[in-house]
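Structure file work.cif with mmCIF, C-alpha atoms:
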data_coords
loop_
_atom_site.label_atom_id
_atom_site.label_comp_id
_atom_site.auth_asym_id
_atom_site.auth_seq_id
_atom_site.Cartn_x
_atom_site.Cartn_y
_atom_site.Cartn_z
CA MET A 1 0.00 0.00 0.00
CA ALA A 2 1.37 3.40 -0.92
CA LYS A 3 2.30 5.50 2.07
CA THR A 4 0.03 8.44 2.78
CA LYS A 5 2.26 10.23 5.32
CA GLN A 6 5.85 11.36 5.36
CA TYR A 7 8.02 12.42 8.29
CA CYS A 8 10.83 14.81 8.92
CA VAL A 9 12.69 16.35 11.84
CA ALA A 10 12.80 20.12 11.91
CA GLU A 11 13.28 22.51 14.81
CA ASN A 12 10.24 24.68 15.41
CA TRP A 13 11.72 28.18 15.42
CA GLY A 14 8.36 29.77 16.16
CA LYS A 15 6.87 32.56 14.08
CA GLY A 16 6.90 31.65 10.39
CA PHE A 17 7.74 28.00 10.92
CA ILE A 18 4.20 27.07 9.91
CA GLU A 19 2.25 29.91 8.33
CA HIS A 20 -1.55 30.14 8.38
CA SER A 21 -1.56 29.71 4.59
CA GLU A 22 0.42 26.45 4.95
CA SER A 23 -1.61 25.12 7.87
CA SER A 24 -4.90 25.69 6.06
CA ARG A 25 -3.73 23.57 3.11
CA ILE A 26 -1.47 20.94 4.66
CA ALA A 27 -2.41 18.54 7.47
CA PHE A 28 0.48 18.93 9.94
CA VAL A 29 0.88 16.85 13.07
CA GLY A 30 3.76 17.75 15.35
CA TYR A 31 5.15 15.15 17.73
CA PRO A 32 7.70 15.26 20.54
CA GLY A 33 11.29 15.45 19.33
CA ASN A 34 10.54 17.97 16.59
CA VAL A 35 9.09 15.16 14.49
CA TRP A 36 6.59 16.42 11.91
CA GLN A 37 4.10 14.38 9.93
CA VAL A 38 2.80 15.81 6.64
CA PRO A 39 1.01 14.22 3.68
CA ALA A 40 3.11 12.19 1.27
CA HIS A 41 3.11 12.98 -2.45
CA ASN A 42 2.04 16.54 -1.71
CA LYS A 43 3.76 19.46 -3.41
CA GLY A 44 2.91 21.92 -0.65
CA ALA A 45 4.22 19.57 2.03
CA ASN A 46 7.44 19.00 0.10
CA LEU A 47 7.95 22.75 -0.29
CA TRP A 48 7.40 23.22 3.44
CA ILE A 49 9.98 20.52 4.31
CA ASN A 50 12.48 22.35 2.10
CA LYS A 51 11.61 25.68 3.73
CA VAL A 52 12.23 24.44 7.27
CA LEU A 53 15.31 22.42 6.25
CA GLY A 54 13.54 19.29 7.44
CA VAL A 55 15.56 16.11 7.61
CA PRO A 56 13.43 13.33 6.08
CA LYS A 57 12.90 10.28 8.26
CA THR A 58 11.30 6.95 7.55
CA LYS A 59 8.27 6.14 9.63
CA ASP A 60 10.35 3.72 11.71
CA GLU A 61 13.08 6.32 12.31
CA ALA A 62 10.50 8.91 13.32
CA GLN A 63 8.77 6.40 15.57
CA ALA A 64 12.06 5.63 17.35
CA ILE A 65 12.63 9.34 18.11
CA VAL A 66 9.10 9.82 19.47
CA THR A 67 9.17 6.58 21.46
CA ALA A 68 12.47 7.47 23.14
CA ILE A 69 11.03 10.77 24.37
CA ILE A 70 7.78 9.21 25.54
CA ASP A 71 9.71 6.44 27.33
CA THR A 72 11.72 9.07 29.21
CA ALA A 73 8.56 11.00 30.11
CA GLN A 74 6.91 7.78 31.32
CA ASP A 75 9.95 6.91 33.43
CA THR A 76 9.90 10.41 34.95
CA TRP A 77 6.19 10.05 35.69
CA ASP A 78 6.70 6.63 37.30
CA ALA A 79 9.48 7.98 39.50
CA ASP A 80 7.55 11.05 40.73
CA ASN A 81 5.82 9.78 43.86
CA VAL A 82 4.58 11.30 47.11
CA ASP A 83 4.26 9.19 50.24
CA GLY A 84 0.69 8.14 50.92
CA GLU A 85 -0.61 9.37 47.59
CA SER A 86 -3.17 7.18 45.81
CA SER A 87 -2.90 6.48 42.09
CA ALA A 88 -5.94 8.68 41.50
CA GLU A 89 -4.32 11.55 43.43
CA LYS A 90 -1.13 11.08 41.46
CA ILE A 91 -3.03 11.38 38.19
CA LEU A 92 -4.63 14.56 39.46
CA ARG A 93 -1.25 15.95 40.49
CA LEU A 94 0.69 15.02 37.37
CA GLY A 95 -1.97 14.36 34.79
CA SER A 96 -2.28 10.96 33.18
CA LYS A 97 0.84 8.97 32.48
CA PRO A 98 2.17 10.07 29.09
CA ALA A 99 0.58 7.78 26.53
CA ASP A 100 2.40 5.81 23.86
CA ILE A 101 2.26 7.45 20.45
CA THR A 102 2.02 5.30 17.34
CA LEU A 103 2.77 6.99 14.04
CA GLU A 104 0.76 6.22 10.94
CA GLU A 105 2.21 4.65 7.81
CA MET B 1 -35.35 25.55 -13.76
CA SER B 2 -35.06 29.32 -13.29
CA ASP B 3 -33.26 31.38 -15.86
CA TYR B 4 -30.44 33.62 -14.52
CA LYS B 5 -31.81 36.63 -16.43
CA GLU B 6 -35.29 36.09 -14.95
CA VAL B 7 -33.93 35.96 -11.42
CA VAL B 8 -31.29 38.70 -11.57
CA GLY B 9 -32.74 40.91 -14.28
CA THR B 10 -29.66 40.91 -16.50
CA ALA B 11 -27.89 38.34 -18.61
CA VAL B 12 -24.53 36.89 -17.58
CA VAL B 13 -21.81 39.23 -18.87
CA ASN B 14 -19.42 37.72 -21.39
CA VAL B 15 -15.86 38.89 -20.73
CA ALA B 16 -12.64 38.03 -22.54
CA GLY B 17 -10.77 37.31 -19.30
CA ASP B 18 -11.94 38.60 -15.90
CA PRO B 19 -13.46 42.04 -15.15
CA PRO B 20 -10.98 44.40 -13.41
CA ASN B 21 -12.73 44.85 -10.04
CA PRO B 22 -15.51 42.31 -9.64
CA LEU B 23 -17.79 42.62 -6.60
CA GLU B 24 -18.77 39.87 -4.20
CA GLY B 25 -21.54 37.79 -5.76
CA GLN B 26 -20.79 38.99 -9.31
CA LEU B 27 -21.04 36.25 -11.95
CA TRP B 28 -19.55 36.35 -15.46
CA TYR B 29 -18.57 34.11 -18.37
CA ASN B 30 -14.83 34.10 -19.08
CA SER B 31 -14.65 33.47 -22.82
CA SER B 32 -10.87 33.01 -22.71
CA THR B 33 -11.11 30.01 -20.39
CA THR B 34 -14.66 29.10 -21.42
CA SER B 35 -15.79 29.00 -17.81
CA PHE B 36 -18.30 30.72 -15.55
CA LYS B 37 -16.76 32.59 -12.64
CA VAL B 38 -18.09 34.20 -9.48
CA VAL B 39 -16.65 36.26 -6.65
CA LYS B 40 -17.32 34.40 -3.46
CA GLN B 41 -16.54 34.98 0.20
CA SER B 42 -15.26 32.07 2.25
CA LEU B 43 -13.85 31.48 5.70
CA GLU B 44 -10.19 30.66 6.02
CA ASP B 45 -9.12 29.36 9.39
CA ALA B 46 -5.86 27.85 10.55
CA TRP B 47 -3.29 27.61 13.33
CA ALA B 48 0.22 28.93 12.70
CA THR B 49 3.28 28.64 14.90
CA GLY B 50 4.33 31.53 17.10
CA ASN B 51 7.57 32.02 19.00
CA ASN B 52 8.15 29.62 21.87
CA MET B 53 7.68 30.39 25.57
CA ASN B 54 10.80 30.97 27.67
CA THR B 55 9.88 28.30 30.22
CA ALA B 56 8.36 25.09 28.89
CA ARG B 57 5.36 24.05 30.95
CA GLY B 58 1.79 22.83 30.92
CA TYR B 59 -1.23 23.28 33.20
CA MET B 60 -0.86 27.06 33.56
CA ALA B 61 -3.36 29.90 33.89
CA GLY B 62 -3.99 31.95 30.77
CA ALA B 63 -5.45 35.41 30.19
CA GLY B 64 -5.62 38.12 27.57
CA THR B 65 -5.73 38.18 23.80
CA GLN B 66 -3.79 36.72 20.90
CA THR B 67 -1.43 39.71 20.82
CA ALA B 68 -1.43 40.52 24.55
CA ALA B 69 -1.52 37.29 26.52
CA LEU B 70 -0.42 36.27 30.00
CA ALA B 71 0.72 32.85 31.27
CA SER B 72 1.24 32.14 34.98
CA GLY B 73 2.12 29.10 37.06
CA GLY B 74 2.13 25.61 35.60
CA TYR B 75 3.85 22.22 35.68
CA PRO B 76 6.65 21.53 36.58
CA VAL B 77 5.35 23.54 39.54
CA THR B 78 6.33 27.15 39.03
CA ALA B 79 5.40 30.71 39.92
CA LYS B 80 6.72 32.08 36.65
CA THR B 81 4.71 34.60 34.66
CA GLU B 82 5.26 35.44 31.01
CA ALA B 83 3.60 37.91 28.64
CA TYR B 84 3.19 37.55 24.85
CA ASN B 85 3.06 40.65 22.65
CA GLY B 86 2.09 38.92 19.41
CA THR B 87 5.71 38.10 18.63
CA ASN B 88 7.72 37.20 21.72
CA TRP B 89 7.28 35.97 25.29
CA THR B 90 8.84 38.05 28.08
CA GLU B 91 9.31 37.03 31.71
CA LEU B 92 7.56 39.21 34.29
CA ASN B 93 7.15 39.09 38.07
CA ASP B 94 6.21 35.75 39.59
CA LEU B 95 3.05 34.65 41.35
CA ASN B 96 3.35 34.83 45.14
CA THR B 97 2.35 31.16 45.36
CA ALA B 98 3.90 28.71 42.91
CA ARG B 99 1.32 26.26 41.64
CA MET B 100 0.14 24.07 38.80
CA ILE B 101 -3.33 23.90 37.27
CA PRO B 102 -4.47 27.28 38.58
CA ALA B 103 -7.37 28.86 36.73
CA GLY B 104 -7.02 32.26 35.14
CA CYS B 105 -8.99 34.98 33.41
CA GLY B 106 -8.86 38.67 32.54
CA THR B 107 -6.40 40.61 30.45
CA GLN B 108 -2.64 40.98 30.21
CA THR B 109 -2.81 44.05 32.46
CA ALA B 110 -5.65 43.01 34.79
CA ALA B 111 -5.74 39.28 35.40
CA LEU B 112 -6.83 36.87 38.11
CA ALA B 113 -5.28 33.51 39.07
CA PHE B 114 -6.91 31.21 41.61
CA GLY B 115 -6.73 27.72 42.99
CA GLY B 116 -4.23 25.08 41.87
CA GLY B 117 -1.80 22.95 43.82
CA PRO B 118 -0.24 20.85 45.14
CA PRO B 119 -1.43 20.90 47.83
CA ILE B 120 -4.89 22.02 46.79
CA THR B 121 -5.12 25.74 47.41
CA ASP B 122 -7.80 28.41 47.63
CA VAL B 123 -5.32 31.27 47.13
CA THR B 124 -6.40 33.99 44.71
CA GLU B 125 -4.05 36.57 43.23
CA THR B 126 -4.78 39.66 41.15
CA TRP B 127 -2.38 41.03 38.50
CA ASN B 128 -2.12 44.76 37.77
CA GLY B 129 0.21 44.50 34.81
CA THR B 130 3.32 44.51 37.00
CA ASN B 131 2.78 42.50 40.19
CA TRP B 132 0.60 39.76 41.62
CA THR B 133 -1.16 40.60 44.92
CA GLU B 134 -2.95 38.15 47.17
CA VAL B 135 -6.64 38.87 47.65
CA ASN B 136 -9.50 36.99 49.32
CA ASP B 137 -9.51 33.21 48.94
CA LEU B 138 -11.93 30.94 47.16
CA ASN B 139 -14.50 29.39 49.49
CA THR B 140 -13.51 25.97 48.20
CA GLY B 141 -9.87 25.31 47.37
CA ARG B 142 -9.53 23.34 44.14
CA TYR B 143 -7.42 22.73 41.15
CA ALA B 144 -8.13 22.07 37.48
CA SER B 145 -11.27 24.23 37.58
CA GLY B 146 -12.79 26.24 34.77
CA ALA B 147 -12.60 30.03 34.67
CA ALA B 148 -14.24 32.92 32.86
CA GLY B 149 -14.62 36.67 33.09
CA THR B 150 -12.35 39.48 34.25
CA ASN B 151 -10.31 40.23 37.35
CA THR B 152 -13.24 42.19 38.79
CA ALA B 153 -16.05 39.88 37.64
CA ALA B 154 -14.88 36.27 37.45
CA LEU B 155 -16.39 32.81 37.65
CA ALA B 156 -14.80 29.61 39.00
CA PHE B 157 -16.50 26.31 38.25
CA GLY B 158 -15.79 22.64 38.74
CA GLY B 159 -12.34 21.31 39.55
CA TYR B 160 -11.00 18.86 42.10
CA SER B 161 -11.26 19.74 45.78
CA GLY B 162 -10.54 16.32 47.27
CA SER B 163 -13.39 14.99 45.19
CA VAL B 164 -14.80 15.91 41.80
CA SER B 165 -16.48 19.28 42.18
CA ALA B 166 -19.50 20.95 40.62
CA ASP B 167 -19.09 24.02 42.83
CA THR B 168 -19.39 27.44 41.22
CA GLU B 169 -18.21 30.69 42.75
CA VAL B 170 -18.59 34.28 41.60
CA TRP B 171 -15.85 36.90 42.14
CA ASN B 172 -16.97 40.53 42.39
CA GLY B 173 -13.52 42.09 42.61
CA THR B 174 -13.35 41.63 46.39
CA ASN B 175 -14.92 38.35 47.45
CA TRP B 176 -15.88 34.92 46.15
CA THR B 177 -19.52 33.88 46.69
CA GLU B 178 -20.91 30.39 46.23
CA VAL B 179 -23.68 30.14 43.66
CA ASN B 180 -25.51 27.32 41.86
CA ASN B 181 -23.51 24.26 40.86
CA LEU B 182 -22.71 22.83 37.46
CA ASN B 183 -25.13 20.08 36.44
CA THR B 184 -22.18 17.74 35.84
CA GLY B 185 -19.30 17.88 38.30
CA ARG B 186 -15.91 17.66 36.58
CA TYR B 187 -12.28 18.70 36.63
CA SER B 188 -9.73 19.48 33.93
CA LEU B 189 -12.48 21.20 32.00
CA ALA B 190 -12.29 24.32 29.87
CA GLY B 191 -14.26 27.52 30.06
CA CYS B 192 -14.75 30.83 28.35
CA GLY B 193 -16.82 33.95 28.79
CA ALA B 194 -16.51 37.68 28.94
CA SER B 195 -18.03 38.10 32.38
CA ASN B 196 -19.31 36.24 35.44
CA THR B 197 -22.86 36.43 34.10
CA ALA B 198 -22.32 34.78 30.70
CA SER B 199 -19.94 31.83 30.59
CA LEU B 200 -19.52 28.42 29.02
CA ALA B 201 -18.09 25.19 30.52
CA PHE B 202 -17.08 22.28 28.28
CA GLY B 203 -15.18 19.00 28.39
CA GLY B 204 -13.46 17.67 31.50
CA SER B 205 -12.94 14.46 33.49
CA ALA B 206 -13.40 11.92 35.00
CA ASN B 207 -13.62 10.13 31.66
CA PRO B 208 -13.37 12.59 28.79
CA LYS B 209 -16.59 14.53 28.62
CA ALA B 210 -18.35 16.28 25.75
CA GLN B 211 -20.95 18.03 27.89
CA THR B 212 -21.29 21.77 27.52
CA GLU B 213 -23.09 24.02 30.00
CA LEU B 214 -24.11 27.66 29.70
CA TRP B 215 -24.11 30.04 32.70
CA ASN B 216 -26.59 32.93 32.64
CA GLY B 217 -25.56 34.58 35.90
CA THR B 218 -27.84 32.38 37.98
CA ASN B 219 -27.96 28.82 36.65
CA TRP B 220 -26.08 26.37 34.46
CA THR B 221 -28.06 24.89 31.56
CA GLU B 222 -26.97 21.94 29.45
CA VAL B 223 -26.55 22.83 25.81
CA ASN B 224 -25.17 20.95 22.81
CA ASP B 225 -22.11 18.74 23.31
CA LEU B 226 -18.64 18.98 21.87
CA ASN B 227 -18.15 16.76 18.83
CA THR B 228 -15.15 15.16 20.53
CA GLY B 229 -15.28 14.51 24.27
CA ARG B 230 -12.01 15.43 25.97
CA SER B 231 -10.42 16.72 29.14
CA THR B 232 -7.49 19.06 29.81
CA ASN B 233 -8.72 20.95 26.77
CA THR B 234 -8.36 24.71 26.50
CA GLY B 235 -10.95 27.42 25.90
CA ALA B 236 -11.05 30.93 24.47
CA GLY B 237 -13.70 33.47 23.53
CA THR B 238 -17.15 34.12 24.92
CA SER B 239 -20.31 32.20 25.73
CA THR B 240 -21.68 32.98 22.26
CA ALA B 241 -18.45 32.69 20.26
CA GLY B 242 -16.13 30.16 21.83
CA LEU B 243 -13.22 27.96 20.83
CA THR B 244 -11.72 24.80 22.27
CA PHE B 245 -8.54 23.07 21.25
CA GLY B 246 -6.29 20.19 22.27
CA GLY B 247 -6.87 17.93 25.24
CA THR B 248 -6.59 14.22 25.94
CA SER B 249 -5.01 12.31 24.37
CA ASN B 250 -2.70 14.76 22.63
CA THR B 251 -5.48 15.72 20.28
CA THR B 252 -5.03 18.41 17.66
CA LYS B 253 -8.79 18.83 17.29
CA THR B 254 -10.24 22.34 17.35
CA GLU B 255 -13.93 23.22 17.61
CA THR B 256 -15.71 26.55 17.38
CA TRP B 257 -18.93 27.45 19.25
CA ASN B 258 -21.51 29.76 17.67
CA GLY B 259 -23.80 30.08 20.67
CA THR B 260 -25.73 26.93 19.74
CA ASN B 261 -23.45 24.26 18.30
CA TRP B 262 -19.83 23.17 18.20
CA ALA B 263 -18.31 22.70 14.73
CA GLU B 264 -14.99 21.10 13.88
CA VAL B 265 -12.51 23.39 12.22
CA ASN B 266 -8.86 23.05 11.24
CA ASP B 267 -6.63 21.27 13.72
CA LEU B 268 -3.71 22.48 15.82
CA ASN B 269 -0.39 21.72 14.16
CA THR B 270 0.93 20.05 17.31
CA GLY B 271 -0.99 17.57 19.42
CA ASN B 272 -1.13 18.75 23.02
CA TYR B 273 -3.06 18.80 26.28
CA GLY B 274 -3.01 21.13 29.27
CA SER B 275 -1.99 24.15 27.22
CA GLY B 276 -2.81 27.74 28.12
CA GLY B 277 -5.27 29.75 26.10
CA ALA B 278 -6.20 33.35 25.34
CA GLY B 279 -8.15 35.40 22.85
CA THR B 280 -11.37 35.00 20.93
CA ASN B 281 -12.82 32.34 18.67
CA THR B 282 -11.44 34.15 15.62
CA LEU B 283 -8.08 35.26 17.04
CA ALA B 284 -6.83 32.83 19.68
CA LEU B 285 -3.57 31.71 21.20
CA SER B 286 -2.46 28.29 22.45
CA PHE B 287 0.72 28.15 24.53
CA GLY B 288 2.70 25.51 26.33
CA GLY B 289 1.19 22.15 27.14
CA MET B 290 2.07 18.83 28.69
CA THR B 291 3.30 17.17 25.50
CA ASN B 292 5.06 20.05 23.78
CA GLY B 293 5.76 22.48 26.60
CA SER B 294 7.01 25.63 24.94
CA VAL B 295 5.05 25.63 21.68
CA THR B 296 2.90 28.62 20.76
CA GLU B 297 0.23 28.56 18.08
CA GLU B 298 -1.92 31.41 16.77
CA TRP B 299 -5.48 30.79 15.50
CA ASN B 300 -6.85 33.08 12.82
CA GLU B 301 -10.31 32.84 11.31
CA ARG B 302 -10.91 35.40 8.64
CA SER B 303 -13.18 36.04 5.75
CA VAL B 304 -11.48 35.81 2.35
CA THR B 305 -12.98 37.06 -0.91
CA GLY B 306 -11.78 35.29 -4.04
CA THR B 307 -12.75 34.31 -7.57
CA LYS B 308 -14.12 30.80 -8.00
CA THR B 309 -14.67 28.88 -11.21
CA LEU B 310 -18.09 27.26 -11.35
CA THR B 311 -18.15 23.59 -12.23
CA THR B 312 -21.11 21.37 -12.93
#
Encoded form (structure tokens):
Amino acid sequence: MAKTKQYCVAENWGKGFIEHSESSRIAFVGYPGNVWQVPAHNKGANLWINKVLGVPKTKDEAQAIVTAIIDTAQDTWDADNVDGESSAEKILRLGSKPADITLEE
Amino acid sequence: MSDYKEVVGTAVVNVAGDPPNPLEGQLWYNSSTTSFKVVKQSLEDAWATGNNMNTARGYMAGAGTQTAALASGGYPVTAKTEAYNGTNWTELNDLNTARMIPAGCGTQTAALAFGGGPPITDVTETWNGTNWTEVNDLNTGRYASGAAGTNTAALAFGGYSGSVSADTEVWNGTNWTEVNNLNTGRYSLAGCGASNTASLAFGGSANPKAQTELWNGTNWTEVNDLNTGRSTNTGAGTSTAGLTFGGTSNTTKTETWNGTNWAEVNDLNTGNYGSGGAGTNTLALSFGGMTNGSVTEEWNERSVTGTKTLTT
């Protein structure tokens, strides 16, 4: 099956990184680790990757970057405990444990 | 079928190319491209990136507008305050009490922050554009509540106070007063509203909720639900023109409220939850968040007039 998404790593420098005109035409999804998902076979998306000097990644490479960051966040969450605190109270204090993120093909 | 000339009174103009300054609604036949064209107005809405916050964080209090916003507190637990001027974030004086998940409302020069934790607090602080000052406490300490209004006329609703809360309190600039409860108790919900007499509460936990309630100054009334139930979502705007974005689990989904219904619009560029929010439902700001802690995004909804080619 032909891939419908492509991935790159690009540092979000803020203003101008994604313009309104780009966001209204391209489906962006930003993930931890400066991983960006945009449509494959899309001229606008390709132009944007060039603009931000994005480094193309395969889906597996992008997944590894995101997973490493989520794993660290989950370990930090697991280690942050207060004596006598219930699991429900911990979720209220820290929010839910960071969830695994699975990238699309 | 009606004839264009019968309806409009004139025939469709035949132009070799396009007329120089067509008006909205004007229809013509372009003989060069052999196509009918019309000038049509459409809505263009999208999120764009803004410059990052100085201190990455989620679960903070937000206030202000897209070009004059205020962020205070947050997780990891902090007292830090930052202001956004439409381009950059600048650090300002800290809250007196560091906390996460406080609620906030008002403007960049006259804001209110209340509640939060840990431990659960009832502390309220007012911001005059330069400093935070402690004022009278909430009657019920809580965190992850909703907020709406100004720093002289605010509303606190829901949250977690040791148990899931439906409590609502009104701030008159001096004191908090308990008033009628939400119909559905919840925490990690979002709110919006210009005053403490016209506000909206939506989303929240436990279990991601889609319920929306409207406050008329006396009672909460259930109105139409969000399309996507969620908690730790963020709100902006008023009770008749609201916006919500993000939330569990790292959703990019954005919905706009027209006073009656929620409608899905273009998504955030970065999935997030627990971000701060400011602005209106046409010019909003999302900042920080628990997944991508320093990211800023600017929401613009504007009317665009352009030439469209009619197809059959």
Within 8 Å of chain A, which residues of chain B show up? Give each one with its shortest atom-to-atom distance in Å (one decimal) and the two atoms involved, counting only C-alpha atoms, rows by chain then rising residue number, as a Markdown table.
| residue | atom | partner | partner_atom | distance |
| --- | --- | --- | --- | --- |
| B:Glu44 | CA | A:Ser24 | CA | 7.3 |
| B:Asp45 | CA | A:Ser24 | CA | 6.5 |
| B:Ala46 | CA | A:Ser24 | CA | 5.1 |
| B:Trp47 | CA | A:His20 | CA | 5.8 |
| B:Ala48 | CA | A:His20 | CA | 4.8 |
| B:Thr49 | CA | A:Ile18 | CA | 5.3 |
| B:Gly50 | CA | A:Lys15 | CA | 4.1 |
| B:Asn51 | CA | A:Gly14 | CA | 3.7 |
| B:Asn52 | CA | A:Gly14 | CA | 5.7 |
| B:Thr87 | CA | A:Lys15 | CA | 7.3 |
| B:Gly117 | CA | A:Arg93 | CA | 7.8 |
| B:Pro118 | CA | A:Arg93 | CA | 6.8 |
| B:Ser249 | CA | A:Ala99 | CA | 7.5 |
| B:Thr252 | CA | A:Val29 | CA | 7.6 |
| B:Asn266 | CA | A:Ser24 | CA | 7.0 |
| B:Leu268 | CA | A:Val29 | CA | 7.8 |
| B:Asn269 | CA | A:Phe28 | CA | 5.1 |
| B:Thr270 | CA | A:Gly30 | CA | 4.1 |
| B:Gly271 | CA | A:Gly30 | CA | 6.3 |
| B:Thr291 | CA | A:Pro32 | CA | 6.9 |
| B:Asn292 | CA | A:Pro32 | CA | 6.4 |
| B:Val295 | CA | A:Gly14 | CA | 7.7 |
| B:Thr296 | CA | A:Gly14 | CA | 7.2 |
| B:Asn300 | CA | A:His20 | CA | 7.5 |
Export C-alpha atoms of the chosen residues as a PDB file, in the frame of the given file?
ATOM      1  CA  GLU B  44     -10.190  30.660   6.020  1.00  0.00           C
ATOM      2  CA  ASP B  45      -9.120  29.360   9.390  1.00  0.00           C
ATOM      3  CA  ALA B  46      -5.860  27.850  10.550  1.00  0.00           C
ATOM      4  CA  TRP B  47      -3.290  27.610  13.330  1.00  0.00           C
ATOM      5  CA  ALA B  48       0.220  28.930  12.700  1.00  0.00           C
ATOM      6  CA  THR B  49       3.280  28.640  14.900  1.00  0.00           C
ATOM      7  CA  GLY B  50       4.330  31.530  17.100  1.00  0.00           C
ATOM      8  CA  ASN B  51       7.570  32.020  19.000  1.00  0.00           C
ATOM      9  CA  ASN B  52       8.150  29.620  21.870  1.00  0.00           C
ATOM     10  CA  THR B  87       5.710  38.100  18.630  1.00  0.00           C
ATOM     11  CA  GLY B 117      -1.800  22.950  43.820  1.00  0.00           C
ATOM     12  CA  PRO B 118      -0.240  20.850  45.140  1.00  0.00           C
ATOM     13  CA  SER B 249      -5.010  12.310  24.370  1.00  0.00           C
ATOM     14  CA  THR B 252      -5.030  18.410  17.660  1.00  0.00           C
ATOM     15  CA  ASN B 266      -8.860  23.050  11.240  1.00  0.00           C
ATOM     16  CA  LEU B 268      -3.710  22.480  15.820  1.00  0.00           C
ATOM     17  CA  ASN B 269      -0.390  21.720  14.160  1.00  0.00           C
ATOM     18  CA  THR B 270       0.930  20.050  17.310  1.00  0.00           C
ATOM     19  CA  GLY B 271      -0.990  17.570  19.420  1.00  0.00           C
ATOM     20  CA  THR B 291       3.300  17.170  25.500  1.00  0.00           C
ATOM     21  CA  ASN B 292       5.060  20.050  23.780  1.00  0.00           C
ATOM     22  CA  VAL B 295       5.050  25.630  21.680  1.00  0.00           C
ATOM     23  CA  THR B 296       2.900  28.620  20.760  1.00  0.00           C
ATOM     24  CA  ASN B 300      -6.850  33.080  12.820  1.00  0.00           C
TER      25      ASN B 300
END
Using only C-alpha atoms, pick whichever of A:Thr4, A:Thr72, A:Gly84, A:Gln63 has the shortest atom-to-atom distance to Ala45 in chain A.
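Checking each of A:Thr4, A:Thr72, A:Gly84, A:Gln63 against Ala45 in chain A, counting only C-alpha atoms, the winner is A:Thr4.
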Ground truth for the PyMOL selection byres ((chain B and resi 220) around 10), written as a ChimeraX atom specification:
/B:168,180-184,198-201,212-219,221-223
Using all atoms listed in the file, what residues lie at most 12 Å away from (-7.6, 21.2, 20.7) (file coordinates), given as number ranges by chain?
B: 47, 190, 203, 226-236, 243-256, 264-277, 284-287, 289, 297, 299
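What the PyMOL selection byres ((chain B and resi 145) around 7) picks from this file is B:Ala103, B:Arg142, B:Tyr143, B:Ala144, B:Gly146, B:Ala147, B:Ala156, B:Phe157, B:Gly158, B:Gly159, B:Tyr187, B:Ser188, B:Leu189.
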Record the distance separating CA of Ala79 in chain B and CA of Thr97 in chain B, expressed in Å with one decimal.
6.3 Å
Which residues fall under the PyMOL selection byres ((chain A and resi 39) around 6) in this file, as a ChimeraX atom specification?
/A:4-6,38,40,42
So that I have them on file, write out the residues from the current selection with C-alpha atoms, as a short mmCIF file (atom, residue, chain, number, x, y, z; two decimals), keeping the file's coordinate frame.
data_model
loop_
_atom_site.label_atom_id
_atom_site.label_comp_id
_atom_site.auth_asym_id
_atom_site.auth_seq_id
_atom_site.Cartn_x
_atom_site.Cartn_y
_atom_site.Cartn_z
CA THR A 4 0.03 8.44 2.78
CA LYS A 5 2.26 10.23 5.32
CA GLN A 6 5.85 11.36 5.36
CA VAL A 38 2.80 15.81 6.64
CA ALA A 40 3.11 12.19 1.27
CA ASN A 42 2.04 16.54 -1.71
#
Rounded to one decimal, what separation in Å do you get between CA of Leu103 in chain A and CA of Tyr7 in chain A?
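Here the two named atoms are 9.5 Å from each other.
In this structure, CA of Thr126 in chain B sits 8.7 Å away from CA of Phe114 in chain B.
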Which one of B:Met53, B:Ala61, B:Val12, B:Met100 sits closest to Pro76 in chain B if you count all atoms listed in the file?
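That would be B:Met100, the residue with the smallest distance to Pro76 in chain B.
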May I have the protein, DNA and RNA residues with any atom at most 6 Å from the point (-19.2, 18.9, 40.4), counting all atoms listed in the file, written as a PyMOL selection string?
chain B and resi 158+164-167+184-186
Compare B:Thr55, B:Asn175, B:Thr109, B:Asn281 by their minimum atom-to-atom distance to Asn128 in chain B, counting only C-alpha atoms, and give me the closest one.
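Selected residue with least distance to Asn128 in chain B: B:Thr109.
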Go through A:Ala2, A:Val52, A:Lys97, A:Cys8 and flag the residue nearest Asp75 in chain A, using only C-alpha atoms for the distances.
A:Lys97
Tell me, as number ranges by chain, which residues lie within 10 Å of Asn54 in chain B, counting only C-alpha atoms; anything in the same chain fewer than 6 positions away does not count.
B: 80-82, 88-91, 288, 293-295
How would range 266-271 of chain B of the given structure read as a file with N, CA and C atoms, as a compact mmCIF listing (two decimals), in the first residue's frame?
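Output below, filename out-v5.txt:
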# COMPACT_ATOMS: atom_id res chain seq x y z
N ASN B 266 -10.20 23.58 11.46
CA ASN B 266 -8.86 23.05 11.24
C ASN B 266 -8.10 22.79 12.54
N ASP B 267 -7.30 21.74 12.52
CA ASP B 267 -6.63 21.27 13.72
C ASP B 267 -5.40 22.11 14.10
N LEU B 268 -5.03 22.01 15.39
CA LEU B 268 -3.71 22.48 15.82
C LEU B 268 -2.63 21.77 15.00
N ASN B 269 -1.49 22.39 14.86
CA ASN B 269 -0.39 21.72 14.16
C ASN B 269 0.33 20.71 15.06
N THR B 270 0.24 20.92 16.36
CA THR B 270 0.93 20.05 17.31
C THR B 270 -0.05 19.49 18.33
N GLY B 271 -0.11 18.18 18.44
CA GLY B 271 -0.99 17.57 19.42
C GLY B 271 -0.54 17.95 20.83
